[in-house]
Structures are given as structure tokens and as C-alpha cells.
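Undergrad: Submitted below is the structure of interest, expressed as C-alpha cells.
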Amino acid sequence: MAPRTSSDIATEADSKLANHTRRLIALRLLPFLFILYIANYLDRTSVAYAALGISRTLHFSDRVFGLGAGIFFVSYVALQIPGALLLGRWSARRGIALIMVAWGSLTVLTGLVHTPAQLYGARLLLGAAEAGFFPGVVVFLSHWFTRQDRAKASSNFIAAIPLSFIIGSPLAGWILGHPWLGVDGWRWLFVFEGVPAVLLGTVAYFYLTDWPREAAWLAPDQRRWITQRLEKERPLDKNRLTVWQAIRSGPVLLLSVVAFLQYFVFYTLAFWLPTMLKRISGFSDVRLGLVGTLPYVVCLITMLINGWDSDRTQERRWHAAMPQFIGAMALVGLIVLPRSTGLSVALFSMLCITEAFLPVFWTMPTEILSESGAAASVGMINAVGSIAGFAGPYAFGYLASRTGSFSSGLAVMLVCSIAGGLLILRAPSNKLQQSV
């Protein structure tokens, strides 16, 4: 065996430093961000299960519920880019803390509604409060994770979406069935899901760190390594983009359209799955909450696997497209096959695989754009995509009210799944910054 040279020893030391730093950053940030995103989705989608109780006590129609679920995204979309820029240029730590305290408080207040107008107003305010959270966190992750780890980091963060449903579905079903102190269970649902966001936002202010250079929990050599590594991985185009240049570039517009199509499918499913499953199965609220977790268990597993494999192969486009094609096959089954509880749960589980698209997709903007354009572009893409958060649930409810069937709404989702999968295959590779 050849003797080890000083170069070999130095390389081994650098490798140990890199691996230790990457692990330490992941352990410090990802579990906490994961918990924050669970709280975010519990607050945002609590209305899906609350609708079962609201329809019984306030007698809101499907159309009212669809508008109430979707109107959240009017203010959410309007403030996406300003919110993303605020967190990107000011302070992610302070911004995330402020956003969480605001949205948690507004979720609690949603439990006081009595009329459709009050529901619409509460949802509008909640959308405004939450607008900067997701794009801000996507940019925040790019400040800490190298390209080698970015899809895994995104998948570990975004996996909070299905887990929030896994936790929230049985919890919501149980709370709905237990009125307390003469107050309906659906009102308590908003209270119990809003308070944790206020508490976590307070903790976030003291726990998060904006940049590696500010991290007292990293050793000096670890701060130097991660800062230098991220600097080397920045796109070749060092010209600073204005907000307008970033959001009007062709690749960003393409990603925005793909986000709209995929979000149309996801938000429609998220807000209408409990209602569809309830009418197909006739389950009690508690049993519905338990069965409703199964599709999201499948979603969680496939999301983590897809993000891991995308980082392993450093391939993004097919890893973003295939989940959408699988979802399209599930939608065909839901439209043409006979309705039964077991088959419907299986097809809804297959449809949830479409969400494995998300962690891979959200690595693309920050990998292909210079830092100056990333925040605005992420805000733009999420804003356009989130328009579907309004359009999807509302259109689905409108079509269900007009036709007396869910089939027409499912057909629209099918078109979106196929189109989104085909379009993402046309996205440029990591050299996309050359186009802007």
C-alpha cells in the first residue's frame, strides 16, 4: 500500500468537514422547518374538514364552500412577490416569525364566522398573512443547502404537506364530533390548529439564522466551507436581474404555467377529498378522518423517494413529470370505473402521488437563477401557481353544483395533469440562467 501523502490527508480532512457540516445544517434546520410547514398546512386546509360541520350548522352550499376555500388565494397570490422579496432582502428569521403569528391568530378568528361573507373575509386575511412563507423558505433553503442536497432538503420540508393531512385528518374528524362548552366542534378545530402557529412563530424568531456567516452554532471552518461552496455553485451569469427581468423570462413563465396546472390538481384534491370520500362511503366523521390519511401516507413515501432519487441522479425534469402522469392515470380510473369505497381510496392514493412532483420542481428556480432573481422568480412561480388554489376548488364546486356529479371536475383535473407533465419536460436544464 502506497504511503498517504499530505494531499491525501488534506482531502480526507476536507471531506470530513464537508460531510459533518452538511449533516449539522440538515439536523439543525430541516426538522424545525418541517414542523413549521405542518402548522402552515393544518391552518390553510383546516377548512376542508371544517366544511363538514359548517354545512350542517350554517347550511353553506358546495358553491359557497368552494369560493370560501379558494378566495384565500386571491390575497395570497397578490402578496407572493412582495412577501418573497421581504424575506429574501430583509430577514427570513423575522419574516417567518411575523407571518406565523399573524396566520395563527387569523385561523383562530375564523372559528367565529357565521355568514358566507365572514368566511370569505377571514380566508382573504389568512391568505395575505401566509403569502411570503413558502417562497421565503424556498429561498432560505438555497442559502444553506448545496445543489447536492437541495432536492432532499426540499422533499424533507415539503413532506410536511402529506404529513399534515395524516395528522390533521383523524384529529379533525375527532374534533368535529366533540362539541365543547356548547360550541360546535368545527369552531374548536380552527382554535386548536391556529394556536400552535402563534407559539412556533415566537420560537422561530430566536431559533432560525438567516445566513451561514451568522451561525454561532457552526464552527468557523464550517461557516467558511458552506459559504465558499454555495458561492461556487451560483449560476454563471453574475449580472443582477431586476424583479421585472426575472419574472418575465421565458423559463420562469414556463415554470409558472406548470405550477398553475399542478396546483389546480393538488388544491382541488386537498379541499374536496373529504367531501368526495364522505359521499362515496357514508363514513362517520371520525372514520372518514382515519381513512382519509391513507392517500397522504402514499404521498409522503413517494415524495421522499422521488426527492432522494432526483439528487442521486441529478435529474429533475422526468422526476417532476412522472408523478403527474401517474396522477392522470388515477383520474381516468376515478372517472370511468364504478364507484366503490375501496377502489376510490386506492385511486385517491394513486392521485396523491402527483405531489411527489413538488420537491423536485422547487429545486429548479434556485438552481438556475442568480441570487438576485431567485426570490422574485420563486414568488412569481408560486403566485401564478396559487391562482389555481382559487380556481381549482371553486371550479370543482361550481361544476359539481351544476352537474350533480364530480366527473366533470375530475376531467378538468385530468387535462391539467397531462399538460403539466408534458410542459415540465420542456424546461431547460441547470443552464437555464443563460436564457435570462
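Each chain of the C-alpha cells is named A, B, ... in the order shown, its residues numbered from 1; ligands are numbered from 1 in display order.
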Would you list the contacts of Val108 of chain A as a list in words, taking every protein, DNA or RNA residue within 9 Å and counting only C-alpha atoms, but skipping same-chain residues closer than 5 positions in sequence?
TA: Trp103, Arg187, Trp188, Leu189, Phe190, Val191, Phe192, Glu193, Gly194 and Val195 of chain A
Undergrad: Would you mind listing what lies within 6 Å of segment 145-153 of chain A as number ranges by chain, with only C-alpha atoms counted and same-chain residues fewer than 4 positions away left out?
TA: A: 141, 307-308, 311, 359-360, 363
Undergrad: Mind writing the picked residues with N, CA, C and O atoms as a CSV table (one decimal), in the first residue's frame?
TA:
```csv
chain,number,residue,atom,x,y,z
A,141,LEU,N,-33.8,28.0,2.0
A,141,LEU,CA,-33.1,26.7,1.8
A,141,LEU,C,-31.9,26.8,0.9
A,141,LEU,O,-30.8,26.2,1.1
A,307,GLY,N,-37.5,12.7,-4.3
A,307,GLY,CA,-36.5,13.7,-4.0
A,307,GLY,C,-35.1,13.1,-3.8
A,307,GLY,O,-34.1,13.6,-4.4
A,308,TRP,N,-35.1,12.0,-3.1
A,308,TRP,CA,-33.8,11.3,-2.9
A,308,TRP,C,-33.2,10.8,-4.3
A,308,TRP,O,-32.0,11.1,-4.6
A,311,ASP,N,-31.8,13.7,-6.5
A,311,ASP,CA,-30.5,14.2,-6.1
A,311,ASP,C,-29.4,13.1,-6.5
A,311,ASP,O,-28.3,13.5,-6.9
A,359,PRO,N,-41.0,18.6,-4.5
A,359,PRO,CA,-39.7,18.9,-4.0
A,359,PRO,C,-38.7,19.0,-5.2
A,359,PRO,O,-37.7,19.8,-5.1
A,360,VAL,N,-38.9,18.2,-6.3
A,360,VAL,CA,-38.0,18.3,-7.4
A,360,VAL,C,-38.2,19.6,-8.1
A,360,VAL,O,-37.3,20.3,-8.5
A,363,THR,N,-36.6,22.8,-6.6
A,363,THR,CA,-35.2,22.9,-6.7
A,363,THR,C,-34.8,23.7,-8.0
A,363,THR,O,-33.7,24.3,-8.0
```
Undergrad: Compare A:Val203, A:Ala122, A:Pro428, A:Val291 by their minimum atom-to-atom distance to Gly342 of chain A, counting only C-alpha atoms, and give me the closest one.
TA: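 With only C-alpha atoms as the atom set, the closest residue is A:Val291.
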Undergrad: What parts of segment 210-355 of chain A does DSSP call alpha helix (DSSP H)? I'd like the answer as an NGL selection string.
TA: :A and (220-232 or 243-247 or 250-281 or 285-291 or 294-313 or 317-336 or 341-352)
Undergrad: Could the residues in this selection be saved with C-alpha atoms as a CSV table (one decimal), in the first residue's frame?
TA:
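Ended up saving to selection32.csv:
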```csv
chain,number,residue,atom,x,y,z
A,220,PRO,CA,-15.6,29.0,12.0
A,221,ASP,CA,-14.2,26.4,9.5
A,222,GLN,CA,-17.7,25.1,8.9
A,223,ARG,CA,-19.0,28.6,8.2
A,224,ARG,CA,-16.2,29.2,5.7
A,225,TRP,CA,-16.7,25.9,3.9
A,226,ILE,CA,-20.5,26.2,3.4
A,227,THR,CA,-20.2,29.9,2.4
A,228,GLN,CA,-17.5,29.1,-0.2
A,229,ARG,CA,-19.3,26.1,-1.5
A,230,LEU,CA,-22.5,27.9,-2.1
A,231,GLU,CA,-20.6,30.8,-3.8
A,232,LYS,CA,-19.0,28.4,-6.2
A,243,VAL,CA,-37.6,41.9,-10.5
A,244,TRP,CA,-39.2,42.6,-13.8
A,245,GLN,CA,-36.4,40.8,-15.8
A,246,ALA,CA,-36.7,37.8,-13.6
A,247,ILE,CA,-40.5,37.4,-13.7
A,250,GLY,CA,-39.4,32.6,-20.7
A,251,PRO,CA,-38.2,29.8,-18.4
A,252,VAL,CA,-39.8,31.4,-15.3
A,253,LEU,CA,-43.1,31.8,-17.2
A,254,LEU,CA,-42.9,28.1,-18.3
A,255,LEU,CA,-42.4,27.0,-14.7
A,256,SER,CA,-45.3,29.3,-13.6
A,257,VAL,CA,-47.7,27.6,-16.0
A,258,VAL,CA,-46.6,24.2,-14.8
A,259,ALA,CA,-47.1,25.3,-11.2
A,260,PHE,CA,-50.6,26.5,-12.1
A,261,LEU,CA,-51.6,23.2,-13.7
A,262,GLN,CA,-50.2,21.1,-10.9
A,263,TYR,CA,-51.6,23.3,-8.1
A,264,PHE,CA,-55.0,23.1,-9.8
A,265,VAL,CA,-55.0,19.3,-9.2
A,266,PHE,CA,-53.5,19.4,-5.8
A,267,TYR,CA,-55.7,22.1,-4.2
A,268,THR,CA,-58.8,20.7,-5.7
A,269,LEU,CA,-57.9,17.3,-4.2
A,270,ALA,CA,-56.9,18.8,-0.8
A,271,PHE,CA,-60.1,20.7,-0.3
A,272,TRP,CA,-62.6,18.2,-1.9
A,273,LEU,CA,-61.2,14.8,-0.9
A,274,PRO,CA,-63.1,14.7,2.5
A,275,THR,CA,-66.4,15.7,0.8
A,276,MET,CA,-66.0,13.2,-2.1
A,277,LEU,CA,-65.0,10.4,0.2
A,278,LYS,CA,-67.8,11.2,2.6
A,279,ARG,CA,-70.5,11.0,-0.2
A,280,ILE,CA,-69.0,7.8,-1.7
A,281,SER,CA,-68.5,5.9,1.6
A,285,ASP,CA,-66.6,12.0,10.6
A,286,VAL,CA,-64.2,10.1,12.8
A,287,ARG,CA,-63.8,7.1,10.4
A,288,LEU,CA,-63.6,9.4,7.5
A,289,GLY,CA,-60.7,11.2,9.1
A,290,LEU,CA,-58.8,7.9,9.6
A,291,VAL,CA,-59.4,6.6,6.1
A,294,LEU,CA,-54.2,6.7,3.6
A,295,PRO,CA,-53.7,8.7,0.4
A,296,TYR,CA,-51.4,11.0,2.2
A,297,VAL,CA,-49.3,8.2,3.6
A,298,VAL,CA,-48.7,7.1,0.0
A,299,CYS,CA,-47.9,10.7,-0.9
A,300,LEU,CA,-45.4,11.1,1.9
A,301,ILE,CA,-43.4,7.9,0.9
A,302,THR,CA,-43.3,8.7,-2.8
A,303,MET,CA,-42.3,12.3,-2.2
A,304,LEU,CA,-39.3,11.4,-0.1
A,305,ILE,CA,-38.2,8.6,-2.6
A,306,ASN,CA,-38.6,10.9,-5.6
A,307,GLY,CA,-36.5,13.7,-4.0
A,308,TRP,CA,-33.8,11.3,-2.9
A,309,ASP,CA,-33.6,9.7,-6.4
A,310,SER,CA,-33.5,13.1,-8.1
A,311,ASP,CA,-30.5,14.2,-6.1
A,312,ARG,CA,-28.8,10.8,-6.7
A,313,THR,CA,-29.2,11.1,-10.4
A,317,ARG,CA,-37.4,17.0,-15.4
A,318,TRP,CA,-38.6,13.4,-15.6
A,319,HIS,CA,-38.7,13.2,-11.8
A,320,ALA,CA,-41.1,16.2,-11.9
A,321,ALA,CA,-43.1,14.8,-14.9
A,322,MET,CA,-43.8,11.2,-13.9
A,323,PRO,CA,-45.8,11.9,-10.7
A,324,GLN,CA,-48.2,14.0,-12.8
A,325,PHE,CA,-48.6,11.2,-15.4
A,326,ILE,CA,-49.3,8.7,-12.6
A,327,GLY,CA,-51.9,11.1,-11.2
A,328,ALA,CA,-53.5,11.3,-14.6
A,329,MET,CA,-54.0,7.6,-14.7
A,330,ALA,CA,-55.7,7.7,-11.3
A,331,LEU,CA,-58.1,10.4,-12.6
A,332,VAL,CA,-59.0,8.3,-15.6
A,333,GLY,CA,-59.9,5.5,-13.1
A,334,LEU,CA,-62.0,7.8,-10.9
A,335,ILE,CA,-63.9,9.0,-14.0
A,336,VAL,CA,-64.7,5.7,-15.8
A,341,THR,CA,-65.2,2.8,-1.3
A,342,GLY,CA,-62.1,0.6,-1.5
A,343,LEU,CA,-61.4,1.4,-5.2
A,344,SER,CA,-61.9,5.1,-4.6
A,345,VAL,CA,-59.5,5.2,-1.7
A,346,ALA,CA,-56.9,3.3,-3.8
A,347,LEU,CA,-57.3,5.7,-6.7
A,348,PHE,CA,-57.2,8.8,-4.5
A,349,SER,CA,-54.0,7.3,-3.0
A,350,MET,CA,-52.6,7.0,-6.5
A,351,LEU,CA,-53.7,10.5,-7.4
A,352,CYS,CA,-51.8,11.8,-4.3
```
Undergrad: Name all residues at most 9 Å from Gly53 of chain A (count only C-alpha atoms; drop same-chain ones fewer than 2 positions away) and give them as number ranges by chain.
TA: A: 49-51, 55-58, 176-177, 184-187
Undergrad: Since we have the selection now, will you write its residues out, keeping N, CA and C atoms, as a short mmCIF file (atom, residue, chain, number, x, y, z; two decimals), in the first residue's frame?
TA:
```cif
data_model
loop_
_atom_site.label_atom_id
_atom_site.label_comp_id
_atom_site.auth_asym_id
_atom_site.auth_seq_id
_atom_site.Cartn_x
_atom_site.Cartn_y
_atom_site.Cartn_z
N TYR A 49 -62.03 20.02 6.34
CA TYR A 49 -62.81 19.19 7.25
C TYR A 49 -63.84 20.02 8.01
N ALA A 50 -63.51 21.27 8.30
CA ALA A 50 -64.49 22.12 8.95
C ALA A 50 -65.75 22.26 8.10
N ALA A 51 -65.60 22.14 6.78
CA ALA A 51 -66.75 22.27 5.88
C ALA A 51 -67.83 21.24 6.18
N SER A 55 -71.39 22.84 6.93
CA SER A 55 -72.56 22.54 6.09
C SER A 55 -73.75 22.10 6.93
N ARG A 56 -73.48 21.47 8.09
CA ARG A 56 -74.58 21.01 8.95
C ARG A 56 -75.17 22.15 9.78
N THR A 57 -74.31 23.06 10.26
CA THR A 57 -74.79 24.10 11.17
C THR A 57 -75.13 25.42 10.49
N LEU A 58 -74.37 25.78 9.46
CA LEU A 58 -74.60 27.04 8.75
C LEU A 58 -75.25 26.85 7.39
N LEU A 176 -64.36 17.40 15.21
CA LEU A 176 -65.69 17.70 14.66
C LEU A 176 -66.80 17.00 15.44
N GLY A 177 -66.50 15.81 15.92
CA GLY A 177 -67.51 15.03 16.62
C GLY A 177 -67.62 15.32 18.10
N ASP A 184 -69.71 24.44 18.64
CA ASP A 184 -69.55 23.37 17.64
C ASP A 184 -68.09 22.95 17.48
N GLY A 185 -67.90 21.66 17.16
CA GLY A 185 -66.55 21.11 17.01
C GLY A 185 -65.74 21.79 15.92
N TRP A 186 -66.41 22.20 14.82
CA TRP A 186 -65.64 22.82 13.73
C TRP A 186 -65.06 24.16 14.15
N ARG A 187 -65.71 24.84 15.09
CA ARG A 187 -65.15 26.11 15.57
C ARG A 187 -63.90 25.85 16.42
#
```
Undergrad: Could you check how far atom CA of Trp362 of chain A sits from atom CA of Ser154 of chain A, in Å to one decimal?
TA: 7.2 Å
Undergrad: Applying 10 Å and only C-alpha atoms, which residues near Thr115 of chain A remain after dropping the ones on its own chain fewer than 5 positions away? List them as a list in words.
TA: Leu58, His59, Phe60 and Tyr120 of chain A
Undergrad: Keeping only all heavy atoms, take the residues you just selected and write them out as a tab-separated table (two decimals), in the first residue's frame.
TA:
```tsv
chain	number	residue	atom	x	y	z
A	58	LEU	N	-74.37	25.78	9.46
A	58	LEU	CA	-74.60	27.04	8.75
A	58	LEU	C	-75.25	26.85	7.39
A	58	LEU	O	-75.64	27.82	6.74
A	58	LEU	CB	-73.27	27.81	8.58
A	58	LEU	CG	-72.53	28.16	9.88
A	58	LEU	CD1	-71.27	28.97	9.57
A	58	LEU	CD2	-73.43	28.94	10.84
A	59	HIS	N	-75.33	25.59	6.93
A	59	HIS	CA	-76.03	25.23	5.69
A	59	HIS	C	-75.46	25.94	4.47
A	59	HIS	O	-76.19	26.36	3.58
A	59	HIS	CB	-77.53	25.54	5.83
A	59	HIS	CG	-78.16	24.95	7.05
A	59	HIS	ND1	-78.29	23.59	7.24
A	59	HIS	CD2	-78.67	25.54	8.17
A	59	HIS	CE1	-78.87	23.36	8.41
A	59	HIS	NE2	-79.09	24.53	9.00
A	60	PHE	N	-74.11	26.03	4.40
A	60	PHE	CA	-73.47	26.60	3.22
A	60	PHE	C	-73.51	25.58	2.09
A	60	PHE	O	-73.31	24.38	2.30
A	60	PHE	CB	-72.01	26.97	3.51
A	60	PHE	CG	-71.84	28.14	4.44
A	60	PHE	CD1	-70.58	28.49	4.91
A	60	PHE	CD2	-72.92	28.92	4.84
A	60	PHE	CE1	-70.40	29.56	5.76
A	60	PHE	CE2	-72.76	30.00	5.70
A	60	PHE	CZ	-71.49	30.32	6.16
A	120	TYR	N	-65.55	34.45	3.76
A	120	TYR	CA	-64.72	34.98	2.69
A	120	TYR	C	-63.69	35.99	3.24
A	120	TYR	O	-62.51	35.97	2.87
A	120	TYR	CB	-65.58	35.68	1.63
A	120	TYR	CG	-66.64	34.81	1.00
A	120	TYR	CD1	-67.79	35.39	0.46
A	120	TYR	CD2	-66.51	33.43	0.93
A	120	TYR	CE1	-68.78	34.61	-0.12
A	120	TYR	CE2	-67.49	32.64	0.36
A	120	TYR	CZ	-68.64	33.23	-0.17
A	120	TYR	OH	-69.61	32.45	-0.74
```
Undergrad: Closest to Met364 of chain A among A:Gln314, A:Gly404, A:Leu98, A:Ala129, using only C-alpha atoms?
TA: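 The closest residue to Met364 of chain A is A:Gln314.
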Undergrad: Work out how far apart atom CA of Thr110 of chain A and atom CA of Val138 of chain A are and give it in Å to one decimal.
TA: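 Atom CA of Val138 of chain A lies 27.6 Å from atom CA of Thr110 of chain A.
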Undergrad: With distances taken over only C-alpha atoms, which residue among A:Gly68, A:Val412, A:Ser377, A:Arg316 lies nearest Leu425 of chain A?
TA: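 For Leu425 of chain A, the nearest of the candidates is A:Arg316.
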Undergrad: Identify, on the basis of only C-alpha atoms, every residue whose closest approach to segment 76-85 of chain A does not exceed 6 Å; exclude the query and any residue fewer than 5 positions from it along the same chain; express the result as a compact mmCIF listing (two decimals) with N, CA and C atoms, in the first residue's frame.
TA:
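Wrote it out as out38.txt, contents follow:
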```txt
# COMPACT_ATOMS: atom_id res chain seq x y z
N GLY A 127 -54.97 34.44 3.70
CA GLY A 127 -54.11 34.36 2.52
C GLY A 127 -53.06 35.45 2.51
N ALA A 128 -53.45 36.66 2.89
CA ALA A 128 -52.48 37.75 2.95
C ALA A 128 -51.39 37.47 3.98
N ALA A 131 -48.75 34.72 2.67
CA ALA A 131 -48.22 34.85 1.31
C ALA A 131 -46.71 34.64 1.21
N GLY A 132 -45.94 35.20 2.11
CA GLY A 132 -44.50 35.15 1.97
C GLY A 132 -43.83 33.91 2.50
N PRO A 135 -42.49 30.82 -0.50
CA PRO A 135 -41.37 31.27 -1.33
C PRO A 135 -40.18 31.72 -0.50
N GLY A 136 -40.44 32.30 0.65
CA GLY A 136 -39.34 32.71 1.52
C GLY A 136 -38.53 31.53 2.01
N ALA A 375 -35.51 35.13 -5.54
CA ALA A 375 -36.65 35.42 -4.66
C ALA A 375 -37.86 35.88 -5.47
N ALA A 376 -37.64 36.83 -6.39
CA ALA A 376 -38.75 37.31 -7.20
C ALA A 376 -39.33 36.21 -8.07
N GLY A 379 -41.33 33.76 -6.01
CA GLY A 379 -42.60 34.41 -5.70
C GLY A 379 -43.53 34.43 -6.89
N MET A 380 -42.99 34.70 -8.08
CA MET A 380 -43.79 34.74 -9.30
C MET A 380 -44.38 33.36 -9.61
N ALA A 383 -46.93 32.43 -7.09
CA ALA A 383 -48.11 33.27 -7.21
C ALA A 383 -49.01 32.79 -8.34
```
Undergrad: Take atom CA of Trp217 of chain A and atom CA of Leu17 of chain A and report the distance between them in Å, one decimal.
TA: 14.7 Å
